[in-house]
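Participant: Quick one, final08.cif (mmCIF, C-alpha atoms and all ligand atoms):
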```cif
data_entry
#
loop_
_atom_site.label_atom_id
_atom_site.label_comp_id
_atom_site.auth_asym_id
_atom_site.auth_seq_id
_atom_site.Cartn_x
_atom_site.Cartn_y
_atom_site.Cartn_z
CA MET A 1 -7.50 20.52 1.33
CA THR A 2 -7.36 16.98 2.59
CA ALA A 3 -4.03 16.70 4.28
CA MET A 4 -5.23 18.04 7.56
CA LEU A 5 -7.20 14.86 8.01
CA CYS A 6 -4.08 13.02 8.97
CA LEU A 7 -1.66 15.73 9.95
CA LYS A 8 -3.71 16.87 12.82
CA GLY A 9 -2.80 20.25 14.13
CA GLN A 10 -0.37 20.89 11.30
CA CYS A 11 -2.76 22.59 8.94
CA GLY A 12 -5.90 24.50 9.61
CA ARG A 13 -9.29 23.05 8.94
CA ASN A 14 -10.36 26.16 7.07
CA MET A 15 -8.06 25.79 4.13
CA GLN A 16 -9.67 26.62 0.84
CA PRO A 17 -9.98 24.03 -1.91
CA GLU A 18 -6.96 24.03 -4.19
CA ASN A 19 -6.21 22.27 -7.41
CA ASN A 20 -4.37 18.94 -7.48
CA ASN A 21 -1.01 20.26 -8.65
CA GLN A 22 -0.90 22.83 -5.93
CA LYS A 23 -1.89 20.19 -3.46
CA GLN A 24 0.95 17.86 -4.44
CA VAL A 25 3.66 20.50 -4.18
CA HIS A 26 2.16 21.61 -0.94
CA LEU A 27 2.07 18.07 0.43
CA SER A 28 5.61 17.13 -0.53
CA GLN A 29 7.02 20.30 1.03
CA ARG A 30 5.05 19.61 4.11
CA ALA A 31 6.11 15.95 4.22
CA ASP A 32 9.78 17.00 4.59
CA SER A 33 9.16 19.47 7.33
CA LEU A 34 6.85 17.15 9.21
CA ASP A 35 8.99 14.02 9.32
CA ALA A 36 10.09 14.69 12.87
CA SER A 37 6.65 15.69 14.09
CA ARG A 38 5.12 12.50 12.69
CA GLU A 39 7.00 10.31 15.16
CA HIS A 40 3.74 9.97 17.10
CA GLN A 41 2.53 7.80 14.20
CA ARG A 42 5.27 5.19 14.69
CA ILE A 43 3.98 1.79 15.80
CA ARG A 44 6.24 -0.70 17.56
CA LEU A 45 5.43 -4.23 18.69
CA GLU A 46 7.88 -6.00 20.99
CA ALA A 47 7.50 -9.76 21.51
CA VAL A 48 3.72 -9.53 21.55
CA SER A 49 1.78 -12.75 22.18
CA LYS A 50 -1.85 -13.71 22.52
CA HIS A 51 -3.06 -16.93 24.09
CA TRP A 52 -6.63 -18.19 24.33
CA GLY A 53 -6.40 -21.05 26.83
CA ASP A 54 -4.14 -23.59 25.13
CA THR A 55 -4.28 -21.86 21.73
CA THR A 56 -1.44 -19.50 20.88
CA ALA A 57 -2.89 -17.16 18.27
CA VAL A 58 0.12 -14.82 18.17
CA ASP A 59 3.57 -15.94 19.28
CA GLN A 60 6.11 -13.27 20.27
CA ILE A 61 5.95 -11.09 17.22
CA SER A 62 7.94 -7.88 16.86
CA PHE A 63 7.83 -5.27 14.12
CA ASP A 64 8.05 -1.53 13.56
CA VAL A 65 5.86 0.60 11.33
CA THR A 66 7.41 3.87 10.17
CA PRO A 67 5.18 6.99 10.00
CA GLY A 68 3.47 7.18 6.61
CA GLU A 69 4.21 3.55 5.80
CA PHE A 70 1.66 1.11 4.32
CA VAL A 71 2.39 -2.24 5.98
CA ILE A 72 0.57 -5.44 5.10
CA LEU A 73 -0.02 -8.31 7.51
CA LEU A 74 -0.36 -11.25 5.15
CA GLY A 75 -0.96 -14.94 5.75
CA PRO A 76 -3.42 -17.80 5.47
CA SER A 77 -6.64 -17.85 7.45
CA GLY A 78 -6.07 -18.44 11.17
CA CYS A 79 -2.41 -17.35 11.25
CA GLY A 80 -3.08 -14.52 13.72
CA LYS A 81 -3.38 -11.42 11.51
CA SER A 82 -6.66 -10.10 12.92
CA THR A 83 -5.61 -10.84 16.48
CA THR A 84 -2.40 -8.85 15.94
CA LEU A 85 -4.32 -5.93 14.47
CA ARG A 86 -6.91 -6.02 17.22
CA MET A 87 -4.16 -5.91 19.84
CA VAL A 88 -2.72 -2.79 18.16
CA ALA A 89 -6.22 -1.30 18.18
CA GLY A 90 -6.79 -2.24 21.83
CA LEU A 91 -9.77 -4.48 21.01
CA GLU A 92 -7.83 -7.45 22.43
CA GLN A 93 -5.44 -7.41 25.37
CA ALA A 94 -1.95 -8.76 24.65
CA SER A 95 -1.06 -11.76 26.84
CA ALA A 96 2.61 -10.71 26.75
CA GLY A 97 4.85 -8.11 25.15
CA GLN A 98 4.50 -4.39 24.59
CA ILE A 99 2.90 -2.14 22.01
CA HIS A 100 4.10 1.43 21.51
CA ILE A 101 2.49 4.14 19.42
CA GLY A 102 4.91 7.03 19.18
CA GLU A 103 6.54 7.42 22.58
CA ARG A 104 3.54 6.02 24.42
CA ASN A 105 3.30 2.49 25.73
CA VAL A 106 -0.31 1.75 24.77
CA THR A 107 -0.30 -1.94 25.72
CA HIS A 108 -2.94 -1.42 28.39
CA LEU A 109 -4.72 1.67 27.05
CA PRO A 110 -8.36 1.42 25.90
CA PRO A 111 -8.98 1.71 22.12
CA GLY A 112 -10.28 5.27 22.36
CA ASP A 113 -6.99 6.52 23.81
CA ARG A 114 -4.78 5.09 21.08
CA GLY A 115 -5.45 7.65 18.34
CA ILE A 116 -6.30 5.17 15.61
CA SER A 117 -9.21 4.40 13.30
CA MET A 118 -10.19 0.98 12.01
CA VAL A 119 -11.94 -0.41 8.93
CA PHE A 120 -13.34 -3.93 9.12
CA GLN A 121 -14.25 -6.57 6.57
CA THR A 122 -17.91 -6.23 7.44
CA TYR A 123 -18.59 -2.57 6.92
CA ALA A 124 -20.45 -2.38 10.21
CA LEU A 125 -22.74 0.41 8.98
CA PHE A 126 -25.93 1.30 10.83
CA PRO A 127 -28.73 0.27 8.45
CA HIS A 128 -31.24 2.80 9.78
CA LEU A 129 -28.87 5.77 9.46
CA SER A 130 -28.16 7.67 6.24
CA VAL A 131 -24.73 7.60 4.66
CA ALA A 132 -24.03 11.07 6.09
CA ASP A 133 -25.06 10.04 9.61
CA ASN A 134 -23.02 6.85 9.37
CA ILE A 135 -19.94 8.85 8.39
CA VAL A 136 -20.25 11.44 11.17
CA PHE A 137 -21.41 8.95 13.82
CA GLY A 138 -18.06 8.95 15.64
CA LEU A 139 -17.77 12.74 15.55
CA ARG A 140 -21.24 13.07 17.02
CA SER A 141 -20.41 10.75 19.91
CA ARG A 142 -17.24 12.78 20.48
CA LYS A 143 -19.45 15.88 20.63
CA VAL A 144 -17.75 17.62 17.72
CA PRO A 145 -19.83 20.79 17.01
CA LYS A 146 -22.39 20.57 14.22
CA ALA A 147 -20.81 23.16 11.92
CA GLU A 148 -17.46 21.40 12.04
CA ARG A 149 -19.12 18.02 11.47
CA ARG A 150 -20.83 19.36 8.38
CA GLU A 151 -17.62 20.83 7.05
CA ARG A 152 -15.60 17.66 7.59
CA LEU A 153 -18.36 15.54 6.08
CA ALA A 154 -18.38 17.64 2.89
CA ARG A 155 -14.63 17.30 2.56
CA VAL A 156 -14.48 13.56 3.16
CA ALA A 157 -17.52 12.81 0.98
CA GLN A 158 -15.79 14.57 -1.88
CA LEU A 159 -12.59 12.66 -1.21
CA VAL A 160 -14.23 9.23 -1.44
CA ASP A 161 -16.69 10.30 -4.14
CA LEU A 162 -19.87 9.85 -2.12
CA GLU A 163 -21.32 13.34 -2.38
CA ALA A 164 -24.30 12.16 -4.41
CA TYR A 165 -25.23 9.44 -1.93
CA LEU A 166 -25.21 11.16 1.44
CA GLU A 167 -28.98 10.91 1.98
CA ARG A 168 -29.25 7.23 1.05
CA LYS A 169 -29.41 4.31 3.47
CA PRO A 170 -26.66 1.65 3.27
CA ALA A 171 -29.10 -0.85 1.72
CA GLN A 172 -29.43 1.47 -1.28
CA LEU A 173 -25.70 1.35 -2.02
CA SER A 174 -23.48 -1.05 -3.94
CA GLY A 175 -20.77 -3.01 -2.09
CA GLY A 176 -18.08 -0.61 -3.28
CA GLN A 177 -20.05 2.41 -2.13
CA ARG A 178 -20.66 0.84 1.28
CA GLN A 179 -16.95 0.16 1.56
CA ARG A 180 -16.28 3.80 0.77
CA VAL A 181 -18.66 4.82 3.58
CA ALA A 182 -16.65 2.66 5.97
CA LEU A 183 -13.45 4.28 4.70
CA ALA A 184 -14.94 7.76 4.98
CA ARG A 185 -15.86 7.05 8.59
CA ALA A 186 -12.25 6.14 9.33
CA ILE A 187 -10.83 9.13 7.47
CA ILE A 188 -13.17 11.70 9.01
CA SER A 189 -11.91 10.79 12.46
CA GLU A 190 -8.60 12.44 11.42
CA HIS A 191 -6.58 9.83 13.20
CA PRO A 192 -3.22 9.56 11.45
CA ILE A 193 -3.10 5.78 11.93
CA CYS A 194 -5.61 3.55 10.19
CA LEU A 195 -5.90 -0.21 10.74
CA MET A 196 -7.76 -2.20 8.09
CA ASP A 197 -8.84 -5.82 8.38
CA GLU A 198 -9.60 -7.42 5.00
CA PRO A 199 -11.65 -4.37 3.98
CA LEU A 200 -12.11 -5.51 0.37
CA SER A 201 -12.93 -9.18 0.73
CA ASN A 202 -16.69 -8.68 0.25
CA LEU A 203 -16.23 -7.00 -3.11
CA ASP A 204 -16.11 -8.55 -6.56
CA ALA A 205 -12.76 -8.83 -8.34
CA ARG A 206 -13.10 -5.73 -10.54
CA LEU A 207 -14.17 -3.49 -7.69
CA ARG A 208 -11.42 -4.88 -5.46
CA GLY A 209 -8.86 -3.78 -8.04
CA GLU A 210 -10.35 -0.28 -8.15
CA MET A 211 -10.57 0.04 -4.38
CA ARG A 212 -6.96 -1.17 -3.98
CA ARG A 213 -5.80 1.75 -6.08
CA GLU A 214 -8.16 4.19 -4.33
CA ILE A 215 -7.06 3.21 -0.83
CA LYS A 216 -3.40 3.37 -1.77
CA ALA A 217 -3.81 6.78 -3.43
CA LEU A 218 -5.74 8.08 -0.45
CA GLN A 219 -3.14 6.80 2.00
CA GLN A 220 -0.38 8.54 0.06
CA ARG A 221 -2.29 11.78 -0.30
CA LEU A 222 -3.11 11.89 3.39
CA GLY A 223 0.24 10.53 4.56
CA MET A 224 -1.58 8.00 6.75
CA THR A 225 0.21 5.20 8.54
CA VAL A 226 -1.65 2.02 7.65
CA ILE A 227 -1.55 -1.59 8.83
CA TYR A 228 -3.62 -3.60 6.41
CA VAL A 229 -4.59 -7.24 6.97
CA THR A 230 -5.20 -9.55 4.03
CA HIS A 231 -4.86 -13.19 3.02
CA ASP A 232 -4.59 -12.13 -0.63
CA GLN A 233 -1.02 -11.97 -1.83
CA VAL A 234 -1.95 -9.91 -4.89
CA GLU A 235 -3.43 -7.25 -2.63
CA ALA A 236 -0.32 -7.41 -0.45
CA MET A 237 2.16 -7.17 -3.30
CA SER A 238 0.33 -4.36 -5.08
CA MET A 239 -0.46 -2.15 -2.08
CA GLY A 240 2.23 -2.69 0.53
CA ASP A 241 5.39 -0.68 1.04
CA ARG A 242 6.27 -3.62 3.24
CA VAL A 243 4.76 -7.07 3.69
CA ILE A 244 4.90 -9.03 6.94
CA LEU A 245 4.05 -12.64 6.16
CA MET A 246 2.74 -14.66 9.11
CA GLN A 247 2.38 -18.39 9.61
CA LYS A 248 0.94 -20.02 12.74
CA GLY A 249 1.20 -16.88 14.84
CA ARG A 250 4.77 -16.05 13.85
CA ILE A 251 6.43 -13.78 11.33
CA VAL A 252 8.17 -15.79 8.62
CA GLN A 253 9.38 -12.85 6.54
CA ASP A 254 9.24 -9.06 6.83
CA GLY A 255 10.37 -7.16 3.75
CA THR A 256 9.40 -5.23 0.63
CA PRO A 257 7.16 -7.06 -1.86
CA ALA A 258 10.22 -7.48 -4.15
CA GLU A 259 12.29 -8.99 -1.32
CA LEU A 260 9.62 -11.57 -0.58
CA TYR A 261 9.27 -12.39 -4.27
CA ASP A 262 12.98 -12.48 -5.14
CA ARG A 263 14.38 -14.10 -2.00
CA PRO A 264 11.69 -16.01 -0.12
CA ALA A 265 13.02 -16.91 3.33
CA THR A 266 11.29 -20.28 3.46
CA SER A 267 9.46 -22.71 1.18
CA PHE A 268 6.22 -21.49 2.77
CA VAL A 269 6.92 -17.90 1.58
CA ALA A 270 7.93 -19.25 -1.84
CA GLY A 271 4.62 -21.07 -2.14
CA PHE A 272 2.55 -18.16 -0.82
CA ILE A 273 3.88 -15.27 -2.90
CA GLY A 274 3.37 -15.23 -6.66
CA SER A 275 0.48 -16.34 -8.83
CA PRO A 276 0.77 -19.06 -9.85
CA ALA A 277 3.08 -19.84 -6.94
CA MET A 278 6.70 -20.93 -7.23
CA ASN A 279 7.13 -24.56 -8.29
CA LEU A 280 8.65 -26.66 -5.51
CA VAL A 281 10.08 -30.05 -6.48
CA LYS A 282 12.01 -32.62 -4.47
CA LEU A 283 15.61 -33.31 -5.48
CA ALA A 284 17.28 -36.73 -5.51
CA ALA A 285 20.97 -37.68 -5.57
CA ALA A 286 22.63 -38.49 -8.89
CA ALA A 287 26.19 -39.70 -9.51
CA ASP A 288 27.59 -36.20 -9.98
CA GLY A 289 24.89 -33.85 -8.74
CA ALA A 290 21.21 -33.59 -7.85
CA VAL A 291 18.28 -34.27 -10.17
CA ILE A 292 14.54 -33.71 -9.92
CA GLU A 293 13.13 -36.84 -8.28
CA GLY A 294 12.04 -39.31 -10.98
CA GLU A 295 13.96 -37.60 -13.79
CA PRO A 296 17.60 -38.78 -13.64
CA ARG A 297 18.69 -37.49 -17.07
CA CYS A 298 19.46 -33.86 -16.24
CA ASN A 299 21.41 -32.49 -13.28
CA VAL A 300 19.86 -29.32 -11.92
CA ALA A 301 22.01 -28.68 -8.84
CA PRO A 302 25.18 -29.76 -7.05
CA HIS A 303 25.16 -32.91 -4.94
CA ALA A 304 24.65 -30.90 -1.72
CA ALA A 305 21.08 -30.11 -2.82
CA LYS A 306 19.96 -33.76 -2.77
CA GLY A 307 16.90 -34.47 -0.65
CA HIS A 308 16.03 -30.74 -0.44
CA TRP A 309 13.49 -28.64 -2.36
CA LEU A 310 14.20 -26.83 -5.58
CA GLY A 311 11.99 -23.79 -6.26
CA VAL A 312 11.60 -22.18 -9.69
CA ARG A 313 8.98 -19.58 -10.58
CA PRO A 314 6.68 -20.41 -13.54
CA GLU A 315 7.77 -17.18 -15.25
CA ASP A 316 11.46 -18.16 -15.01
CA ILE A 317 11.07 -21.44 -16.90
CA ARG A 318 11.49 -21.64 -20.66
CA LEU A 319 9.50 -24.26 -22.49
CA LEU A 320 11.53 -25.68 -25.38
CA SER A 321 11.18 -28.36 -28.04
CA PRO A 322 12.46 -31.88 -27.18
CA ASP A 323 15.67 -31.47 -29.19
CA ALA A 324 16.84 -28.59 -26.95
CA THR A 325 19.04 -29.04 -23.87
CA GLY A 326 17.28 -28.95 -20.52
CA VAL A 327 15.14 -31.02 -18.19
CA PRO A 328 12.98 -33.57 -20.07
CA ALA A 329 9.27 -32.99 -19.38
CA GLU A 330 5.86 -33.87 -20.72
CA VAL A 331 2.98 -31.44 -21.25
CA VAL A 332 -0.05 -32.26 -19.10
CA ASP A 333 -2.34 -29.33 -19.73
CA ALA A 334 -2.37 -25.70 -20.87
CA GLU A 335 -4.55 -22.93 -19.51
CA TYR A 336 -4.77 -20.02 -21.94
CA LEU A 337 -5.27 -16.71 -20.13
CA GLY A 338 -5.00 -14.20 -22.95
CA ALA A 339 -1.73 -12.41 -22.39
CA ASP A 340 -0.07 -15.61 -21.29
CA THR A 341 -0.65 -19.32 -20.84
CA ILE A 342 0.01 -21.50 -17.82
CA VAL A 343 1.35 -24.81 -19.09
CA GLN A 344 1.30 -27.73 -16.66
CA VAL A 345 4.16 -30.14 -17.25
CA ARG A 346 5.26 -33.40 -15.63
CA VAL A 347 8.89 -34.03 -14.70
CA GLY A 348 9.32 -37.55 -13.34
CA GLU A 349 6.39 -37.89 -10.94
CA GLN A 350 6.20 -34.20 -10.13
CA GLN A 351 4.24 -31.43 -11.81
CA LEU A 352 5.41 -27.91 -12.55
CA ARG A 353 3.73 -24.87 -14.02
CA VAL A 354 5.37 -22.82 -16.73
CA ARG A 355 4.20 -19.33 -17.66
CA PHE A 356 4.40 -18.78 -21.38
CA ASP A 357 3.97 -15.34 -23.02
CA GLY A 358 1.11 -15.61 -25.48
CA LYS A 359 -0.27 -18.93 -26.66
CA PRO A 360 2.12 -21.84 -27.14
CA ASN A 361 1.46 -24.53 -29.66
CA VAL A 362 1.32 -27.46 -27.26
CA VAL A 363 -0.80 -30.57 -26.76
CA ALA A 364 -1.03 -33.00 -23.86
CA VAL A 365 1.56 -35.76 -23.66
CA ALA A 366 3.90 -33.83 -25.95
CA GLU A 367 7.53 -34.06 -24.92
CA CYS A 368 9.44 -30.88 -24.21
CA ARG A 369 12.50 -29.54 -22.40
CA LEU A 370 12.65 -27.02 -19.58
CA GLN A 371 15.37 -24.50 -18.91
CA TRP A 372 15.96 -21.80 -16.32
CA ARG A 373 18.88 -19.60 -15.39
CA CYS A 374 20.84 -20.66 -12.33
CA GLN A 375 19.85 -17.38 -10.61
CA ALA A 376 16.21 -18.49 -10.91
CA ALA A 377 16.81 -21.61 -8.79
CA HIS A 378 15.91 -21.34 -5.08
CA PHE A 379 16.68 -24.09 -2.57
CA PHE A 380 14.90 -24.89 0.67
CA ALA A 381 15.78 -27.38 3.39
CA ALA A 382 13.77 -30.60 3.41
CA ASP A 383 13.20 -30.52 7.20
CA ASP A 384 12.28 -26.94 8.15
CA GLY A 385 11.87 -25.28 4.72
CA GLN A 386 14.55 -22.63 5.44
CA ARG A 387 16.25 -21.05 2.43
CA LEU A 388 19.61 -22.69 1.59
CA THR A 389 22.58 -21.05 -0.10
CA ILE A 390 23.23 -23.42 -2.99
CA VAL A 391 23.90 -22.33 -6.56
CA GLY A 392 21.97 -24.27 -9.20
CA HIS A 393 23.45 -25.56 -12.44
CA GLU A 394 23.28 -23.41 -15.55
CA LEU A 395 20.94 -25.36 -17.82
CA VAL A 396 21.32 -22.87 -20.65
CA PRO A 397 24.29 -23.28 -23.00
CA ASP A 398 26.61 -20.23 -22.96
CA SER A 399 25.69 -18.98 -26.41
CA GLU A 400 21.99 -18.91 -25.51
CA ALA A 401 22.56 -17.45 -22.08
CA ARG A 402 23.07 -14.01 -23.51
CA VAL A 403 19.71 -13.99 -25.27
CA SER A 404 17.09 -12.12 -23.31
CA PRO A 405 14.73 -14.69 -21.74
CA ASN A 406 11.68 -13.06 -23.24
CA ILE A 407 13.01 -13.17 -26.77
CA ALA A 408 14.13 -16.73 -26.29
CA ARG A 409 10.69 -17.71 -25.02
CA ILE A 410 8.86 -16.13 -27.94
CA ASP A 411 11.32 -17.81 -30.29
CA SER A 412 10.78 -21.20 -28.83
CA PRO A 413 7.16 -22.20 -28.63
CA GLY A 414 8.39 -25.70 -28.24
CA VAL A 415 6.10 -28.49 -29.06
CA ASN A 416 4.18 -28.92 -32.30
CA ARG A 417 0.66 -30.11 -32.47
N1 LIG B 501 -11.88 -15.04 20.69
C1 LIG B 501 -11.17 -16.13 20.40
N2 LIG B 501 -11.16 -17.21 21.19
C2 LIG B 501 -10.42 -18.30 20.91
N3 LIG B 501 -9.62 -18.41 19.84
C3 LIG B 501 -9.57 -17.37 19.00
C4 LIG B 501 -10.33 -16.17 19.21
N4 LIG B 501 -10.06 -15.30 18.22
C5 LIG B 501 -9.20 -15.94 17.40
N5 LIG B 501 -8.91 -17.17 17.86
C6 LIG B 501 -7.97 -18.13 17.25
O1 LIG B 501 -6.72 -17.51 17.05
C7 LIG B 501 -6.13 -17.91 15.84
C8 LIG B 501 -5.85 -16.68 14.99
O2 LIG B 501 -7.07 -16.06 14.61
P1 LIG B 501 -7.11 -14.75 13.73
O3 LIG B 501 -6.19 -13.75 14.30
O4 LIG B 501 -8.54 -14.36 13.60
O5 LIG B 501 -6.55 -15.28 12.33
P2 LIG B 501 -6.55 -14.57 10.91
O6 LIG B 501 -7.07 -13.19 11.05
O7 LIG B 501 -5.13 -14.63 10.46
O8 LIG B 501 -7.42 -15.42 10.02
C9 LIG B 501 -7.12 -18.87 15.19
O9 LIG B 501 -6.69 -20.17 15.48
C10 LIG B 501 -8.41 -18.56 15.87
O10 LIG B 501 -9.25 -19.67 15.91
MG MG B 502 -8.81 -12.33 10.16
#
```
Could I get this file's structure written as structure tokens?

Facilitator:
Amino acid sequence: MTAMLCLKGQCGRNMQPENNNQKQVHLSQRADSLDASREHQRIRLEAVSKHWGDTTAVDQISFDVTPGEFVILLGPSGCGKSTTLRMVAGLEQASAGQIHIGERNVTHLPPGDRGISMVFQTYALFPHLSVADNIVFGLRSRKVPKAERRERLARVAQLVDLEAYLERKPAQLSGGQRQRVALARAIISEHPICLMDEPLSNLDARLRGEMRREIKALQQRLGMTVIYVTHDQVEAMSMGDRVILMQKGRIVQDGTPAELYDRPATSFVAGFIGSPAMNLVKLAAAADGAVIEGEPRCNVAPHAAKGHWLGVRPEDIRLLSPDATGVPAEVVDAEYLGADTIVQVRVGEQQLRVRFDGKPNVVAVAECRLQWRCQAAHFFAADDGQRLTIVGHELVPDSEARVSPNIARIDSPGVNR
């Protein structure tokens, strides 16, 4: 009943309601047969730049979005995400480069001719209009007949669970409900491409989690092509089929969430993805290898790694008692989070975070040892932060290496009170 919203022209608007199972079979069959006809949803950016006087907001970025894909533009504030999205929407003119939607070069087309809808961080609802009138506002300006407007409104209101609120004014709604009105307005337009700019940042944490799942489910049900801007890596990792991470107007990595997590292309990506982020420590030269700066007792990498950065994720580090092998460290602090604990440790002059399943028995200043598997060690160049191909040392003795890390971690709470 809902698929026609995105697959314009492929299914009639007068379809009768059907149950969910029927709908899924129906949708998957249709997805196969429509792959070719969805090419008009493909988005392609070629060396697109945006300059404001001396400021370069976006610097020659290129990427492709496949029809039906959910792509995240991720990065810190000011890195050019919104500008990129607004250029795709036609709300900003590109200073250079080309933007294609399907076969059409839309670089110089006005927003209305690009066949897209957009959801902003501020919901941009009209306060004096009811929820229903807000949702159908665009249809009314496009002179869609009243009967059809009413029919589409009923369908979309049901989809986003707003049927009971259609007569209310935006001020009488919660943040989540207002956000759903903004979403409904985008969906009712039946454009197969939806661009979203930080649509959840005004919501509290619990609601954000709910809306993340709702938006993702909706996108999949409708087969929409989505570019979604956020600075929140959790949002990016949990929603995106693909994540494009930007820094200072450029793309630093474009890949699946797992690719960004498992093989960060630069130290910036390593520090941005993951919560808490990957530990990054400076390496110094030792007689026969490289050690963490300030802690000369344990080699962690071959000599070639000296002067560069070593990255290890908090969840890849085992916290062991001081009689174990490994990197000598001292507990600084422990933050108990329920399911796990983030233990802050000092190695030489540098601090690292270790994720511990459950609640370890540790106190400040206690001595401990750290271990990680050599596959868990990432290396990044000191000058430009680029990923280096260096294999770390195995800190785990052979006999222990075969123990599953989780079991080993539960077995080894480390330091006694
Ligand atoms: N209208 C504008 N005039 C001048 N500079 C702008 C304008 N819009 C954005 N910028 C600048 O472009 C850069 C990127 O902005 P933006 O795309 O909004 O970043 P993001 O969405 O990633 O936070 C920032 O340095 C910002 O100050
Ligand atoms: Mg922005």

Participant: Ligand LIG 501 (chain B): which residues are within 6 Å, counting only C-alpha atoms and all ligand atoms, as a PDB file with C-alpha atoms, in the frame of the given file?

Facilitator:
```pdb
ATOM      1  CA  TRP A  52      -6.630 -18.190  24.330  1.00  0.00           C
ATOM      2  CA  ALA A  57      -2.890 -17.160  18.270  1.00  0.00           C
ATOM      3  CA  SER A  77      -6.640 -17.850   7.450  1.00  0.00           C
ATOM      4  CA  GLY A  78      -6.070 -18.440  11.170  1.00  0.00           C
ATOM      5  CA  CYS A  79      -2.410 -17.350  11.250  1.00  0.00           C
ATOM      6  CA  GLY A  80      -3.080 -14.520  13.720  1.00  0.00           C
ATOM      7  CA  LYS A  81      -3.380 -11.420  11.510  1.00  0.00           C
ATOM      8  CA  SER A  82      -6.660 -10.100  12.920  1.00  0.00           C
ATOM      9  CA  THR A  83      -5.610 -10.840  16.480  1.00  0.00           C
TER      10      THR A  83
END
```

Participant: Compile a residue-level contact table for chain A against ligand MG 502 (chain B) at a cut-off of 12 Å, reporting for every qualifying residue the shortest atom pair and its distance in Å to one decimal, with all atoms listed in the file counted, rows ordered by chain and ascending number, as CSV.

Facilitator:
```
residue,atom,partner,partner_atom,distance
A:Ala57,CA,B:MG502,MG,11.1
A:Leu73,CA,B:MG502,MG,10.0
A:Leu74,CA,B:MG502,MG,9.9
A:Gly75,CA,B:MG502,MG,9.4
A:Pro76,CA,B:MG502,MG,9.0
A:Ser77,CA,B:MG502,MG,6.5
A:Gly78,CA,B:MG502,MG,6.8
A:Cys79,CA,B:MG502,MG,8.2
A:Gly80,CA,B:MG502,MG,7.1
A:Lys81,CA,B:MG502,MG,5.7
A:Ser82,CA,B:MG502,MG,4.1
A:Thr83,CA,B:MG502,MG,7.2
A:Thr84,CA,B:MG502,MG,9.3
A:Leu85,CA,B:MG502,MG,8.9
A:Arg86,CA,B:MG502,MG,9.7
A:Phe120,CA,B:MG502,MG,9.6
A:Gln121,CA,B:MG502,MG,8.7
A:Thr122,CA,B:MG502,MG,11.3
A:Met196,CA,B:MG502,MG,10.4
A:Asp197,CA,B:MG502,MG,6.7
A:Glu198,CA,B:MG502,MG,7.2
A:Pro199,CA,B:MG502,MG,10.5
A:Ser201,CA,B:MG502,MG,10.8
A:Tyr228,CA,B:MG502,MG,10.8
A:Val229,CA,B:MG502,MG,7.3
A:Thr230,CA,B:MG502,MG,7.6
A:His231,CA,B:MG502,MG,8.2
A:Asp232,CA,B:MG502,MG,11.6
A:Met246,CA,B:MG502,MG,11.8
A:Gly249,CA,B:MG502,MG,12.0
```

Participant: Counting all atoms listed in the file, figure out which residue out of A:Ile187, A:Leu207, A:Ala381, A:Leu260 gets nearest to Lys306 of chain A.

Facilitator: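 Closest candidate: A:Ala381.
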
Participant: Quick one: pull the distance between atom CA of Val332 of chain A and atom CA of Gly348 of chain A, Å, one decimal.

Facilitator: 12.2 Å

Participant: For the contact check between segment 299-325 of chain A and segment 270-278 of chain A, emit one row per residue of segment 299-325 of chain A within 12 Å, containing the shortest atom pair and the distance in Å rounded to one decimal, counting all atoms listed in the file, chain then rising number order, as a Markdown table.

Facilitator:
```
| residue | atom | partner | partner_atom | distance |
| --- | --- | --- | --- | --- |
| A:Trp309 | CA | A:Ala270 | CA | 10.9 |
| A:Leu310 | CA | A:Met278 | CA | 9.7 |
| A:Gly311 | CA | A:Met278 | CA | 6.1 |
| A:Val312 | CA | A:Met278 | CA | 5.6 |
| A:Arg313 | CA | A:Met278 | CA | 4.3 |
| A:Pro314 | CA | A:Met278 | CA | 6.3 |
| A:Glu315 | CA | A:Met278 | CA | 8.9 |
| A:Asp316 | CA | A:Met278 | CA | 9.5 |
| A:Ile317 | CA | A:Met278 | CA | 10.6 |
```

Participant: Report as a PyMOL selection string all protein, DNA and RNA residues lying within 7 Å of Val343 of chain A, evaluated on all atoms listed in the file, omitting residues in the same chain fewer than 5 positions from it.

Facilitator: chain A and resi 333-335+353-355

Participant: Find the residues near Val226 of chain A: any atom within 6 Å, counting only C-alpha atoms, skip ones fewer than 3 places away on the same chain, and give them as a list in words.

Facilitator: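 With the cut-off at 6 Å, the set is Phe70, Ile193, Cys194 and Leu195 of chain A.
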
Participant: Give the answer as one residue: which of A:Arg150, A:Arg38, A:Arg263, A:Arg180 has the shortest atom-to-atom distance to Arg387 of chain A, using only C-alpha atoms?

Facilitator: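 That would be A:Arg263, the residue with the smallest distance to Arg387 of chain A.
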
Participant: Kindly provide, as AutoDock Vina command-line options, the centre and edge lengths (Å, one decimal) of an axis-aligned box around all atoms of segment 275-280 of chain A given in the file, with 8 Å on each side.

Facilitator:
```
--center_x 4.6 --center_y -21.5 --center_z -7.7 --size_x 24.2 --size_y 26.3 --size_z 20.3
```

Participant: Give me the residues near Ala182 of chain A as a PyMOL selection string, where near means some atom within 12 Å (using only C-alpha atoms) and where sequence neighbours in that chain fewer than 6 positions away do not count.

Facilitator: chain A and resi 117-126+131-138+156-157+160+162+170+175-176+188-189+194+196-197+199-200+215

Participant: Nearest to Leu280 of chain A among A:Val331, A:Tyr336, A:His378, A:Arg318, with distances taken over only C-alpha atoms: which residue is it?

Facilitator: A:His378

Participant: Select, from A:Leu91, A:Val252, A:Ala329, A:Ile390, the residue with the minimum atom-to-atom distance to Val365 of chain A, counting only C-alpha atoms.

Facilitator: A:Ala329
